[in-house]
file start-v9.cif (mmCIF, C-alpha atoms)
data_run
#
loop_
_atom_site.label_atom_id
_atom_site.label_comp_id
_atom_site.auth_asym_id
_atom_site.auth_seq_id
_atom_site.Cartn_x
_atom_site.Cartn_y
_atom_site.Cartn_z
CA MET X 463 106.04 137.60 98.28
CA MET X 464 104.01 137.77 95.13
CA LEU X 465 100.38 138.23 94.12
CA THR X 466 99.49 137.17 90.63
CA THR X 467 96.08 137.94 89.15
CA GLU X 468 96.28 135.78 86.08
CA PRO X 469 93.55 136.51 84.03
CA LEU X 470 76.23 116.29 101.39
CA ARG X 471 79.36 117.24 104.92
CA TRP X 472 79.16 114.11 113.34
CA GLY X 473 79.27 115.76 116.71
CA GLY X 474 78.00 118.90 118.38
CA ALA X 475 77.80 120.61 121.74
CA LEU X 476 75.58 117.87 123.13
CA LEU X 477 76.17 115.52 126.01
CA LEU X 478 77.32 112.23 124.59
CA SER X 479 75.37 109.16 125.54
CA ALA X 480 76.94 106.63 127.87
CA GLY X 481 77.12 104.10 125.04
CA TRP X 482 78.93 106.53 122.74
CA LEU X 483 81.41 107.40 125.49
CA ALA X 484 82.00 103.73 126.27
CA LEU X 485 82.67 103.00 122.61
CA SER X 486 85.10 105.92 122.41
CA LEU X 487 86.99 104.55 125.39
CA ARG X 488 87.16 101.09 123.80
CA ILE X 489 88.55 102.65 120.62
CA TRP X 490 91.16 104.54 122.65
CA TYR X 491 92.27 101.39 124.43
CA ALA X 492 92.37 99.49 121.12
CA GLN X 493 94.56 102.20 119.62
CA ARG X 494 96.92 102.11 122.59
CA ALA X 495 97.19 98.33 122.25
CA ALA X 496 98.06 98.61 118.57
CA ASN X 497 101.81 98.82 119.02
CA GLY X 498 104.30 97.73 116.38
CA ASN X 499 102.99 96.78 112.97
CA ALA X 500 99.39 97.97 112.67
CA THR X 501 98.69 95.27 110.09
CA THR X 502 99.49 92.45 112.53
CA ALA X 503 96.49 91.02 114.43
CA ASP X 504 94.09 88.09 114.50
CA TRP X 505 91.57 90.42 112.86
CA LEU X 506 92.39 93.37 110.65
CA VAL X 507 89.85 96.09 109.91
CA VAL X 508 91.17 97.87 106.85
CA HIS X 509 89.75 101.26 105.91
CA ALA X 510 89.92 103.07 102.58
CA SER X 511 88.67 106.52 103.49
CA GLN X 512 88.44 109.86 101.71
CA THR X 513 86.64 112.05 104.27
CA GLY X 514 87.30 109.99 107.41
CA ASN X 515 83.91 108.27 107.57
CA ALA X 516 85.26 104.84 106.61
CA GLU X 517 88.11 105.23 109.10
CA THR X 518 85.65 106.05 111.91
CA LEU X 519 83.51 103.01 111.07
CA ALA X 520 86.62 100.82 110.93
CA ARG X 521 87.65 101.90 114.41
CA HIS X 522 84.13 101.21 115.70
CA THR X 523 84.33 97.78 114.07
CA ALA X 524 87.71 96.98 115.62
CA ALA X 525 86.47 98.14 119.03
CA THR X 526 83.42 95.87 118.77
CA LEU X 527 85.60 92.88 117.89
CA ALA X 528 87.81 93.71 120.87
CA THR X 529 84.69 93.76 123.07
CA GLY X 530 84.37 90.04 122.34
CA GLY X 531 87.98 89.39 123.33
CA LEU X 532 89.40 89.26 119.81
CA GLN X 533 92.74 90.85 118.93
CA ALA X 534 91.72 93.44 116.36
CA ARG X 535 93.51 96.32 114.65
CA ALA X 536 92.24 99.10 112.40
CA ALA X 537 94.69 99.98 109.61
CA CYS X 538 94.71 102.19 106.53
CA ILE X 539 94.69 100.35 103.21
CA SER X 540 97.81 102.32 102.22
CA ARG X 541 99.75 100.08 104.65
CA LEU X 542 98.34 96.85 103.20
CA ASP X 543 100.74 95.14 100.81
CA GLU X 544 101.05 91.61 99.46
CA ALA X 545 103.09 90.45 102.47
CA ALA X 546 100.44 91.74 104.87
CA LEU X 547 97.72 90.01 102.88
CA ALA X 548 99.72 86.77 102.89
CA GLY X 549 100.07 86.91 106.67
CA ALA X 550 96.45 87.77 107.45
CA THR X 551 93.67 85.29 108.13
CA ASN X 552 90.66 87.55 108.72
CA ILE X 553 90.15 91.02 107.25
CA LEU X 554 87.10 93.26 107.35
CA PHE X 555 87.27 96.03 104.73
CA VAL X 556 85.47 99.37 105.05
CA ALA X 557 85.81 100.96 101.64
CA SER X 558 84.62 104.34 100.43
CA THR X 559 84.17 105.21 96.78
CA TYR X 560 85.50 108.50 95.49
CA GLY X 561 84.12 110.43 92.53
CA GLU X 562 82.64 108.27 89.79
CA GLY X 563 83.57 104.86 91.17
CA ASP X 564 87.26 105.54 91.91
CA ALA X 565 89.34 104.37 94.85
CA PRO X 566 90.00 106.96 97.59
CA ASP X 567 93.38 108.65 97.45
CA VAL X 568 94.83 106.40 100.17
CA ALA X 569 93.80 103.30 98.17
CA ALA X 570 95.08 104.43 94.79
CA ARG X 571 98.35 102.50 95.05
CA PHE X 572 96.60 99.34 96.30
CA ALA X 573 94.01 99.52 93.51
CA GLY X 574 96.44 100.43 90.76
CA ARG X 575 99.15 97.91 91.59
CA LEU X 576 98.00 95.07 93.80
CA MET X 577 94.47 94.73 92.41
CA ALA X 578 95.93 94.60 88.89
CA ARG X 579 97.69 91.30 89.74
CA GLU X 580 96.84 87.74 90.62
CA VAL X 581 97.50 86.98 94.31
CA ASP X 582 96.80 83.68 96.09
CA LEU X 583 94.36 84.53 98.89
CA GLY X 584 92.92 81.08 99.46
CA HIS X 585 93.80 81.37 103.17
CA LEU X 586 91.90 84.63 103.71
CA HIS X 587 88.41 85.17 105.16
CA TYR X 588 86.94 88.59 104.55
CA ALA X 589 83.91 90.86 104.34
CA VAL X 590 83.37 94.26 102.73
CA LEU X 591 81.37 97.28 103.85
CA ALA X 592 81.09 99.48 100.76
CA LEU X 593 80.23 103.14 101.32
CA GLY X 594 78.73 105.21 98.54
CA ASP X 595 76.00 107.44 97.17
CA ASP X 596 73.43 106.04 94.75
CA ASN X 597 73.22 109.40 92.98
CA TYR X 598 76.43 108.35 91.22
CA ILE X 599 76.44 105.90 88.32
CA ASN X 600 79.18 103.69 89.78
CA TYR X 601 77.53 103.41 93.18
CA CYS X 602 79.94 101.86 95.72
CA GLY X 603 82.25 101.22 92.76
CA PHE X 604 85.52 100.72 94.64
CA GLY X 605 83.96 98.56 97.37
CA ARG X 606 82.33 96.35 94.76
CA ALA X 607 85.55 96.07 92.74
CA LEU X 608 87.49 95.19 95.88
CA ASP X 609 84.96 92.51 96.84
CA ALA X 610 85.07 90.98 93.35
CA TRP X 611 88.89 91.01 93.27
CA LEU X 612 89.20 89.32 96.67
CA ALA X 613 86.75 86.60 95.67
CA LYS X 614 88.59 86.05 92.37
CA GLN X 615 91.83 85.53 94.29
CA GLY X 616 90.24 82.69 96.24
CA ALA X 617 89.38 84.51 99.47
CA THR X 618 86.26 83.34 101.31
CA ARG X 619 83.47 85.74 102.25
CA LEU X 620 82.43 85.71 105.89
CA PHE X 621 79.13 87.23 104.74
CA GLU X 622 77.89 89.07 101.67
CA ARG X 623 79.06 92.56 100.90
CA ILE X 624 76.95 95.33 102.46
CA ASP X 625 76.44 98.47 100.39
CA VAL X 626 75.73 101.68 102.32
CA ASP X 627 73.89 104.49 100.59
CA LYS X 628 74.68 107.86 102.21
CA ASN X 629 75.34 106.40 105.68
CA SER X 630 72.12 104.38 105.67
CA ALA X 631 71.32 103.49 109.30
CA ALA X 632 69.76 100.17 108.27
CA ALA X 633 72.84 99.07 106.30
CA LEU X 634 75.20 100.09 109.10
CA ALA X 635 73.03 98.23 111.63
CA GLU X 636 73.29 95.11 109.45
CA TRP X 637 77.11 95.40 109.41
CA GLN X 638 77.19 95.93 113.17
CA HIS X 639 75.00 92.84 113.63
CA HIS X 640 77.42 90.68 111.62
CA VAL X 641 80.44 92.12 113.45
CA GLY X 642 78.75 91.45 116.78
CA ARG X 643 78.18 87.83 115.80
CA LEU X 644 81.83 87.44 114.81
CA ALA X 645 82.81 88.88 118.20
CA GLY X 646 80.32 86.68 120.01
CA THR X 647 78.66 89.67 121.67
CA ALA X 648 75.31 91.36 121.34
CA ASP X 649 75.87 94.25 123.76
CA ALA X 650 78.14 96.48 121.70
CA PRO X 651 77.25 100.19 122.01
CA ASP X 652 75.19 101.85 119.30
CA TRP X 653 77.33 103.39 116.57
CA ALA X 654 74.84 106.13 115.78
CA ALA X 655 76.19 109.67 115.79
CA PRO X 656 74.91 112.18 118.34
CA ALA X 657 71.75 114.01 117.36
CA TYR X 658 71.71 117.30 115.48
CA GLY X 659 71.87 120.50 117.49
CA GLU X 660 69.76 123.58 116.86
CA TRP X 661 71.67 126.51 115.42
CA ARG X 662 70.86 129.99 114.10
CA ILE X 663 72.29 131.94 111.15
CA GLY X 664 73.42 135.20 112.70
CA GLU X 665 74.78 136.75 109.51
CA ARG X 666 74.52 135.96 105.81
CA LEU X 667 76.72 137.87 103.38
CA LEU X 668 76.83 137.57 99.59
CA LEU X 669 80.52 137.34 98.64
CA ASN X 670 80.28 137.60 94.85
CA PRO X 671 77.71 140.24 93.82
CA GLY X 672 77.56 140.62 90.06
CA SER X 673 79.30 137.30 89.42
CA SER X 674 78.42 135.30 86.32
CA GLY X 675 78.53 132.24 88.55
CA ALA X 676 76.03 131.11 91.15
CA PRO X 677 75.75 133.26 94.30
CA LEU X 678 78.13 132.28 97.10
CA TYR X 679 77.36 133.26 100.69
CA ARG X 680 79.37 133.52 103.89
CA LEU X 681 77.24 132.23 106.77
CA SER X 682 77.97 132.77 110.47
CA LEU X 683 76.16 130.34 112.77
CA VAL X 684 75.95 129.83 116.52
CA PRO X 685 74.19 127.16 118.59
CA ALA X 686 70.79 128.16 119.91
CA ASP X 687 71.83 127.20 123.45
CA GLY X 688 75.00 129.29 123.23
CA ALA X 689 77.42 126.41 123.81
CA LEU X 690 79.90 126.23 120.91
CA PRO X 691 81.25 122.74 120.19
CA ASP X 692 84.91 122.03 119.61
CA TRP X 693 86.34 121.23 116.19
CA GLU X 694 89.62 121.45 114.28
CA ALA X 695 90.54 123.05 110.99
CA GLY X 696 89.58 120.62 108.24
CA ASP X 697 86.41 119.38 109.95
CA LEU X 698 82.94 119.38 108.38
CA ALA X 699 79.47 120.59 109.27
CA GLN X 700 76.48 118.39 108.47
CA VAL X 701 73.22 120.23 107.82
CA GLY X 702 69.82 118.54 107.69
CA PRO X 703 67.50 120.70 105.55
CA PRO X 704 63.81 120.70 106.64
CA SER X 705 62.62 119.42 103.25
CA ASP X 706 65.05 116.47 103.22
CA PRO X 707 66.35 115.78 106.75
CA ALA X 708 67.18 112.11 106.07
CA HIS X 709 70.24 112.93 103.88
CA PRO X 710 72.45 115.61 105.49
CA ARG X 711 74.65 117.83 103.34
CA GLU X 712 78.27 118.37 104.34
CA TYR X 713 80.19 121.64 104.18
CA SER X 714 83.80 122.51 105.00
CA ILE X 715 84.01 124.66 108.12
CA ALA X 716 85.73 127.97 107.36
CA SER X 717 86.39 129.15 110.93
CA LEU X 718 87.95 128.10 114.23
CA PRO X 719 86.15 127.74 117.59
CA ALA X 720 88.22 130.64 118.98
CA GLU X 721 86.30 132.98 116.65
CA GLY X 722 83.10 132.28 118.58
CA ARG X 723 81.09 131.17 115.56
CA LEU X 724 80.95 128.48 112.90
CA GLU X 725 81.34 129.88 109.39
CA LEU X 726 80.49 128.26 106.08
CA LEU X 727 80.93 129.31 102.45
CA VAL X 728 77.85 127.99 100.64
CA ARG X 729 77.08 128.31 96.95
CA LEU X 730 73.41 128.40 95.97
CA GLN X 731 72.81 125.29 93.90
CA ARG X 732 69.89 124.85 91.50
CA ARG X 733 68.28 121.70 90.19
CA GLU X 734 67.71 121.07 86.49
CA ASP X 735 64.24 122.63 86.75
CA GLY X 736 65.71 125.82 88.22
CA THR X 737 64.51 125.32 91.78
CA PRO X 738 67.10 125.84 94.54
CA GLY X 739 68.78 122.87 96.20
CA ALA X 740 67.21 121.62 99.42
CA ALA X 741 70.14 122.53 101.67
CA SER X 742 71.74 125.46 99.84
CA GLY X 743 68.33 127.05 99.15
CA TRP X 744 67.43 126.82 102.84
CA LEU X 745 70.76 128.20 104.03
CA CYS X 746 71.23 130.89 101.38
CA GLN X 747 67.66 132.11 100.82
CA ASP X 748 64.83 130.74 102.91
CA ALA X 749 66.03 130.49 106.51
CA ALA X 750 65.42 133.70 108.46
CA THR X 751 68.60 135.12 110.00
CA GLY X 752 69.23 136.45 113.49
CA PHE X 753 71.12 135.16 116.48
CA ASP X 754 67.92 135.41 118.52
CA GLY X 755 64.95 135.16 116.15
CA GLY X 756 66.34 133.23 113.20
CA ASP X 757 64.95 129.93 111.94
CA PRO X 758 66.43 126.81 113.57
CA ILE X 759 69.17 125.11 111.55
CA GLN X 760 69.75 121.41 112.26
CA LEU X 761 73.53 121.04 112.32
CA ARG X 762 76.25 118.86 113.79
CA VAL X 763 80.03 118.87 113.45
CA ARG X 764 81.89 115.85 112.06
CA ALA X 765 85.59 115.24 112.50
CA HIS X 766 87.41 114.95 109.17
CA GLU X 767 90.66 113.28 110.22
CA ARG X 768 91.99 112.99 106.68
CA PHE X 769 91.90 116.78 106.17
CA ARG X 770 93.16 117.94 109.56
CA LEU X 771 96.69 119.28 109.84
CA GLY X 772 97.84 116.58 112.25
CA ALA X 773 101.49 115.70 111.64
CA ASN X 774 101.64 118.43 108.97
CA ALA X 775 101.07 121.25 111.46
CA ARG X 776 104.74 122.31 111.40
CA ARG X 777 105.41 121.66 107.72
CA PRO X 778 105.22 124.31 105.00
CA LEU X 779 101.74 124.26 103.47
CA ILE X 780 100.68 124.48 99.82
CA ALA X 781 96.91 125.15 99.85
CA ILE X 782 95.12 124.71 96.52
CA GLY X 783 91.45 125.21 95.74
CA ASN X 784 88.63 126.95 93.95
CA GLY X 785 85.22 128.42 94.71
CA SER X 786 83.67 127.41 98.03
CA GLY X 787 86.72 125.20 98.61
CA LEU X 788 88.31 128.33 100.05
CA ALA X 789 86.33 127.54 103.23
CA GLY X 790 88.39 124.53 104.24
CA LEU X 791 91.65 126.18 103.18
CA ARG X 792 90.83 129.32 105.17
CA ALA X 793 90.40 127.31 108.37
CA LEU X 794 93.71 125.51 107.80
CA LEU X 795 95.54 128.77 107.11
CA LYS X 796 93.99 130.47 110.15
CA ALA X 797 95.05 127.56 112.38
CA ARG X 798 98.63 127.80 111.11
CA ILE X 799 98.72 131.58 111.44
CA HIS X 800 97.48 131.35 115.02
CA ALA X 801 100.22 128.77 115.70
CA GLY X 802 102.90 131.08 114.27
CA GLU X 803 103.47 129.01 111.12
CA HIS X 804 103.85 131.39 108.19
CA ALA X 805 105.32 129.14 105.46
CA ASN X 806 101.98 129.18 103.63
CA TRP X 807 101.30 129.32 99.89
CA LEU X 808 97.76 129.71 98.53
CA LEU X 809 96.82 128.93 94.93
CA PHE X 810 93.16 129.75 94.28
CA GLY X 811 90.89 129.94 91.27
CA GLU X 812 87.59 131.63 90.47
CA ARG X 813 85.88 133.38 87.55
CA GLN X 814 86.57 137.14 87.52
CA ILE X 815 88.77 139.26 89.76
CA ARG X 816 86.19 142.04 89.82
CA HIS X 817 83.40 139.90 91.30
CA ASP X 818 84.93 136.66 92.57
CA PHE X 819 88.04 137.55 94.57
CA LEU X 820 86.58 135.96 97.70
CA LEU X 821 87.72 137.29 101.10
CA ARG X 822 90.05 139.70 99.28
CA GLU X 823 90.79 142.02 102.21
CA GLU X 824 91.52 139.18 104.61
CA LEU X 825 93.84 137.30 102.26
CA LEU X 826 95.76 140.40 101.18
CA GLY X 827 96.03 141.44 104.81
CA TRP X 828 97.58 138.08 105.65
CA GLN X 829 100.04 138.51 102.81
CA ASP X 830 100.98 142.05 103.85
CA ALA X 831 101.57 140.80 107.42
CA GLY X 832 103.86 138.04 106.16
CA TRP X 833 101.51 135.28 107.29
CA LEU X 834 101.01 134.14 103.69
CA GLN X 835 104.34 133.94 101.92
CA ARG X 836 102.71 133.70 98.52
CA ILE X 837 99.30 133.98 96.83
CA ASP X 838 98.75 132.95 93.22
CA LEU X 839 95.33 133.51 91.69
CA ALA X 840 93.71 132.34 88.47
CA PHE X 841 90.55 134.09 87.27
CA SER X 842 89.43 131.91 84.38
CA ARG X 843 86.95 134.23 82.68
CA ASP X 844 89.33 137.18 82.66
CA ARG X 845 91.58 135.36 80.20
CA ALA X 846 88.96 133.44 78.24
CA GLY X 847 89.18 133.70 74.45
CA PRO X 848 86.17 134.37 72.20
CA HIS X 849 85.10 130.72 72.29
CA GLY X 850 85.85 130.06 75.93
CA ASN X 851 89.33 128.72 75.25
CA ASP X 852 92.56 129.90 76.84
CA ARG X 853 90.96 129.94 80.29
CA HIS X 854 93.40 130.03 83.18
CA TYR X 855 92.95 127.65 86.12
CA VAL X 856 94.89 126.70 89.24
CA GLN X 857 96.47 123.73 87.49
CA HIS X 858 98.06 126.21 85.06
CA LEU X 859 99.45 128.16 88.01
CA LEU X 860 101.09 124.98 89.29
CA ARG X 861 102.75 124.26 85.96
CA GLU X 862 103.99 127.86 85.74
CA GLN X 863 105.49 127.54 89.22
CA ALA X 864 106.76 123.95 88.80
CA ALA X 865 110.27 124.72 90.06
CA LEU X 866 108.87 126.40 93.17
CA VAL X 867 106.50 123.48 93.82
CA LEU X 868 109.47 121.11 93.70
CA ASN X 869 111.40 123.37 96.05
CA TRP X 870 108.59 123.46 98.61
CA ILE X 871 108.17 119.68 98.47
CA GLU X 872 111.91 119.23 98.97
CA ARG X 873 111.54 121.46 102.05
CA GLY X 874 108.96 119.00 103.39
CA ALA X 875 105.76 120.82 102.41
CA ALA X 876 102.32 119.24 102.56
CA ILE X 877 99.69 119.79 99.86
CA TYR X 878 96.00 120.28 100.72
CA VAL X 879 93.40 120.56 97.95
CA CYS X 880 89.81 121.71 98.56
CA GLY X 881 87.05 122.42 96.04
CA SER X 882 85.32 120.91 93.05
CA LEU X 883 86.00 117.33 92.03
CA GLN X 884 85.14 117.92 88.38
CA GLY X 885 87.76 119.93 86.57
CA MET X 886 89.80 121.43 89.38
CA ALA X 887 90.81 118.40 91.46
CA GLY X 888 91.56 116.24 88.43
CA GLY X 889 93.48 119.02 86.70
CA VAL X 890 95.52 119.73 89.83
CA HIS X 891 96.32 116.04 90.27
CA GLU X 892 97.51 115.77 86.67
CA ALA X 893 99.69 118.86 87.06
CA LEU X 894 101.22 117.57 90.29
CA THR X 895 101.89 114.20 88.64
CA GLU X 896 103.72 115.95 85.80
CA ILE X 897 105.75 118.09 88.20
CA LEU X 898 106.57 115.55 90.91
CA GLY X 899 106.16 112.19 89.18
CA SER X 900 103.56 109.56 90.04
CA ALA X 901 105.84 107.68 92.46
CA THR X 902 106.56 110.80 94.51
CA LEU X 903 102.88 111.78 94.56
CA GLU X 904 101.91 108.26 95.70
CA GLN X 905 104.49 108.51 98.49
CA LEU X 906 103.09 111.88 99.55
CA VAL X 907 99.65 110.26 99.81
CA ALA X 908 101.06 107.36 101.85
CA ASP X 909 102.88 109.83 104.13
CA GLY X 910 99.77 111.98 104.59
CA ARG X 911 101.41 114.97 102.87
CA TYR X 912 98.91 115.11 99.98
CA ARG X 913 95.33 115.43 101.17
CA ARG X 914 92.14 116.30 99.32
CA ASP X 915 88.65 117.38 100.34
CA VAL X 916 86.84 117.60 97.02
CA TYR X 917 83.20 117.23 96.04
#
call {"tool": "encode", "arguments": {"input": "start-v9.cif", "output": "C-alpha cells"}}
result
Amino acid sequence: MMLTTEPLRWGGALLLSAGWLALSLRIWYAQRAANGNATTADWLVVHASQTGNAETLARHTAATLATGGLQARAACISRLDEAALAGATNILFVASTYGEGDAPDVAARFAGRLMAREVDLGHLHYAVLALGDDNYINYCGFGRALDAWLAKQGATRLFERIDVDKNSAAALAEWQHHVGRLAGTADAPDWAAPAYGEWRIGERLLLNPGSSGAPLYRLSLVPADGALPDWEAGDLAQVGPPSDPAHPREYSIASLPAEGRLELLVRLQRREDGTPGAASGWLCQDAATGFDGGDPIQLRVRAHERFRLGANARRPLIAIGNGSGLAGLRALLKARIHAGEHANWLLFGERQIRHDFLLREELLGWQDAGWLQRIDLAFSRDRAGPHGNDRHYVQHLLREQAALVLNWIERGAAIYVCGSLQGMAGGVHEALTEILGSATLEQLVADGRYRRDVY
C-alpha cells in the first residue's frame, strides 16, 4: 500500500402513480422479451447516454411502441454497427450531448468511425430526440450532427428532430405524442418523473477551511417524513432551488441508504457578478439546518445506470476524480467495502494538502484497514512554480503509474472517473489513451469498464 502526497443531477420515497408502475412493468416485460441480438427488431430505439437519462427515455419509448403491439427493442448505440444499420428499417434515436457538443462516451466509436463514412441508408426511417442544455454553445450538438448525418446518407425522417432543453416537459410530451401515433395508441402512461420530496439538511460541514478554492460542504439530508428512499452507489440527487425550481441541479450521492442519510459534497458556486449560485447558495448558505426545524429542500433521487457498479461489482476498481467528484467515488468505494471487495485504488486531486485533503481520516482509515489497496494524491498548488506552471494533477499520477495501470487493467479492473469536465476529465482521458491505446480504451467503454460522471 502506498500514499503519495505529490505536491444540474428521478425518484424518491413517494408512492408511485399507477401509470408510472404500469409503464415500469411494460419496460420489464419488453426487456425480458429482448432475447438474442438486442439490435434485431421491427423498431429499434437506440440510446446514446452519458448519465442514463437518454437510456431511460429510450426504454420508455420502446415500452410505448410495444403497447401498440409493435416489436421494439432499446439498445445502446455502442452496439450499433454498419451491419445493424443495414438490417434495420425503423430506428428512433435518443441522443445526449456531452460537454461542448461531443458525443457521449458510449457513442464515441460510432461518431468517430461510422459517422465519418458514407453509408447507404436509403432503406431507413428514423427520428431523433436530442437532449441538451442551451447554456452550452453547441446545444444538442451530437443529436443535431447525428440527424444531419442520417439525412445525408439517404435515411427518411419520420418526423422532425426534437431538441430537449434540460428535460423540457413540453419537448418530451411532443416526442411521446409522435411515438404514440407511431404505435397507434393514445393511452400510454405519462413519462413524468415522480414529484420532489421534502427533505431537511440535518448537518452542514465545511470540508476545506482556509482553502484558496471555493468552499466545499458536506451535507447530510433526510426526508421530512422519515422514510428514506432506496438508491445505489453512483446515483444522483436532483435539487430544485426555491429561486429556480424549473431547472433542477444534479449532485452525485456520496452515501448509501444503510447509513440512514443522503450525503452530498457541494461546492459553493458564484456567478460572474459574485452572487452565489441558485442551488449551491441555497444548500451551502441560505437554507436553515436541522432535522426538525430546517428549511424544506425539494429533492428526488435519480438512478444513474451508467455510473452504477453493475457487472463491475466484483472487478478491481480504479477510482479517479477531483474536488466534489469525490462524492460519487466515495459511494462506490463504500459499496465495495461493504461487499468485501478490497481491490480498490483511488487517484484524487485537489489544491493543497493542508486545506483540501477531503475526508482525510476516512480515506486513510480505509487504507490502514486494507480496504483501499492504494491511494495516490495530487495537490496541484503545492507543486506550482512561480508562474503557476509545474502543477501536478491526477493525469500526471496516471502517467507516473502507467505500468501499474496496465497491470490492473490486465487483471480485469474497471475505471470510474468523477469530477470536473474541464481539465481533469479530458486530461485523464488523454493519459489513459497514451497508456492503454485508443482501441483498448474504446473496448473498455463498449464493455462498460470505463465509466465517467463528469460535469
call {"tool": "residues_around", "arguments": {"input": "start-v9.cif", "residues": "range 883-886 of chain X", "least_positions_apart": "3", "cutoff": "9 Å", "atoms": "only C-alpha atoms", "output": "PyMOL selection string"}}
result
chain X and resi 561+783-784+811+855-857+880+889-891+915-917
call {"tool": "resolve_selection", "arguments": {"input": "start-v9.cif", "expression": "the PyMOL selection byres ((chain X and resi 701) around 12)", "output": "VMD selection string"}}
result
chain X and resid 470 to 474 657 to 662 683 698 to 700 702 to 715 726 728 740 to 742 744 to 745 758 to 764
call {"tool": "resolve_selection", "arguments": {"input": "start-v9.cif", "expression": "the PyMOL selection byres ((chain X and resi 575) around 12)", "output": "list in words"}}
result
Ser540, Leu542, Asp543, Glu544, Ala569, Ala570, Arg571, Phe572, Ala573, Gly574, Leu576, Met577, Ala578, Arg579, Glu580, Val581, Ala901 and Glu904 of chain X
call {"tool": "closest_residue", "arguments": {"input": "start-v9.cif", "among": "X:Leu727, X:Leu612, X:Val556, X:Leu779", "to": "Leu820 in chain X", "atoms": "only C-alpha atoms"}}
result
X:Leu727
call {"tool": "closest_residue", "arguments": {"input": "start-v9.cif", "among": "X:Arg845, X:Arg535, X:His522, X:His639", "to": "Ile815 in chain X", "atoms": "all atoms listed in the file"}}
result
X:Arg845
call {"tool": "resolve_selection", "arguments": {"input": "start-v9.cif", "expression": "the PyMOL selection byres ((chain X and resi 620) around 10)", "output": "count of residues only"}}
result
16
call {"tool": "atom_distance", "arguments": {"input": "start-v9.cif", "atom1": "CA of Lys614 in chain X", "atom2": "CA of Asp595 in chain X"}}
result
25.3 Å
call {"tool": "atom_distance", "arguments": {"input": "start-v9.cif", "atom1": "CA of Ile624 in chain X", "atom2": "CA of Gly605 in chain X"}}
result
9.2 Å
call {"tool": "residues_around", "arguments": {"input": "start-v9.cif", "residues": "Ala524 in chain X", "least_positions_apart": "3", "cutoff": "8 Å", "atoms": "all atoms listed in the file", "output": "list in words"}}
result
Ile489, Ala492, Leu506, Val507, Ala520, Arg521, Leu527, Ala528, Ala534, Arg535 and Ala536 of chain X
call {"tool": "closest_residue", "arguments": {"input": "start-v9.cif", "among": "X:Ala548, X:Cys538, X:Ala765, X:Ile663", "to": "Gly514 in chain X", "atoms": "only C-alpha atoms"}}
result
X:Ala765
call {"tool": "closest_residue", "arguments": {"input": "start-v9.cif", "among": "X:Leu860, X:Ala797, X:Ile782, X:Ala633", "to": "Ala695 in chain X", "atoms": "only C-alpha atoms"}}
result
X:Ala797
call {"tool": "residues_around", "arguments": {"input": "start-v9.cif", "residues": "Val626 in chain X", "least_positions_apart": "2", "cutoff": "9 Å", "atoms": "all atoms listed in the file", "output": "compact mmCIF listing (two decimals) with C-alpha atoms, in the coordinates of the input"}}
result
# COMPACT_ATOMS: atom_id res chain seq x y z
CA LEU X 591 81.37 97.28 103.85
CA ALA X 592 81.09 99.48 100.76
CA LEU X 593 80.23 103.14 101.32
CA GLY X 594 78.73 105.21 98.54
CA ASP X 595 76.00 107.44 97.17
CA CYS X 602 79.94 101.86 95.72
CA ILE X 624 76.95 95.33 102.46
CA LYS X 628 74.68 107.86 102.21
CA ASN X 629 75.34 106.40 105.68
CA SER X 630 72.12 104.38 105.67
CA ALA X 631 71.32 103.49 109.30
CA ALA X 632 69.76 100.17 108.27
CA ALA X 633 72.84 99.07 106.30
CA LEU X 634 75.20 100.09 109.10
call {"tool": "closest_residue", "arguments": {"input": "start-v9.cif", "among": "X:Arg822, X:Gln615, X:Glu725, X:Glu562", "to": "Asp596 in chain X", "atoms": "only C-alpha atoms"}}
result
X:Glu562
call {"tool": "residues_around", "arguments": {"input": "start-v9.cif", "residues": "Gly756 in chain X", "least_positions_apart": "4", "cutoff": "10 Å", "atoms": "only C-alpha atoms", "output": "list in words"}}
result
Trp661, Arg662, Ile663, Gly664, Glu665, Ala686, Ala749, Ala750, Thr751 and Gly752 of chain X
call {"tool": "residues_around", "arguments": {"input": "start-v9.cif", "residues": "Leu839 in chain X", "least_positions_apart": "2", "cutoff": "12 Å", "atoms": "all atoms listed in the file", "output": "ChimeraX atom specification"}}
result
/X:464-469,781-785,807-815,818-820,822,825-826,836-837,841-842,844,854-860,862
call {"tool": "atom_distance", "arguments": {"input": "start-v9.cif", "atom1": "CA of Phe769 in chain X", "atom2": "CA of Asp697 in chain X"}}
result
7.2 Å
call {"tool": "closest_residue", "arguments": {"input": "start-v9.cif", "among": "X:Gln747, X:Thr526, X:Ser717, X:Asn600", "to": "Leu668 in chain X", "atoms": "all atoms listed in the file"}}
result
X:Gln747
call {"tool": "decode", "arguments": {"input": "start-v9.cif", "residues": "range 803-823 of chain X", "atoms": "C-alpha atoms", "output": "CSV table (one decimal), in the first residue's frame"}}
result
chain,number,residue,atom,x,y,z
X,803,GLU,CA,-14.2,-6.1,-2.3
X,804,HIS,CA,-10.9,-4.5,-1.3
X,805,ALA,CA,-9.1,-4.3,-4.7
X,806,ASN,CA,-9.6,-0.6,-4.8
X,807,TRP,CA,-7.3,2.2,-6.0
X,808,LEU,CA,-8.1,5.9,-5.5
X,809,LEU,CA,-6.4,8.6,-7.5
X,810,PHE,CA,-7.6,12.0,-6.4
X,811,GLY,CA,-6.7,15.6,-7.0
X,812,GLU,CA,-7.2,18.9,-5.2
X,813,ARG,CA,-5.3,22.2,-4.4
X,814,GLN,CA,-3.3,22.0,-1.2
X,815,ILE,CA,-2.8,19.1,1.2
X,816,ARG,CA,-3.2,21.4,4.2
X,817,HIS,CA,-6.7,22.6,3.4
X,818,ASP,CA,-8.1,20.3,0.7
X,819,PHE,CA,-7.4,16.7,1.7
X,820,LEU,CA,-11.1,16.0,1.8
X,821,LEU,CA,-12.4,13.2,4.1
X,822,ARG,CA,-8.8,12.6,5.1
X,823,GLU,CA,-9.5,10.5,8.2
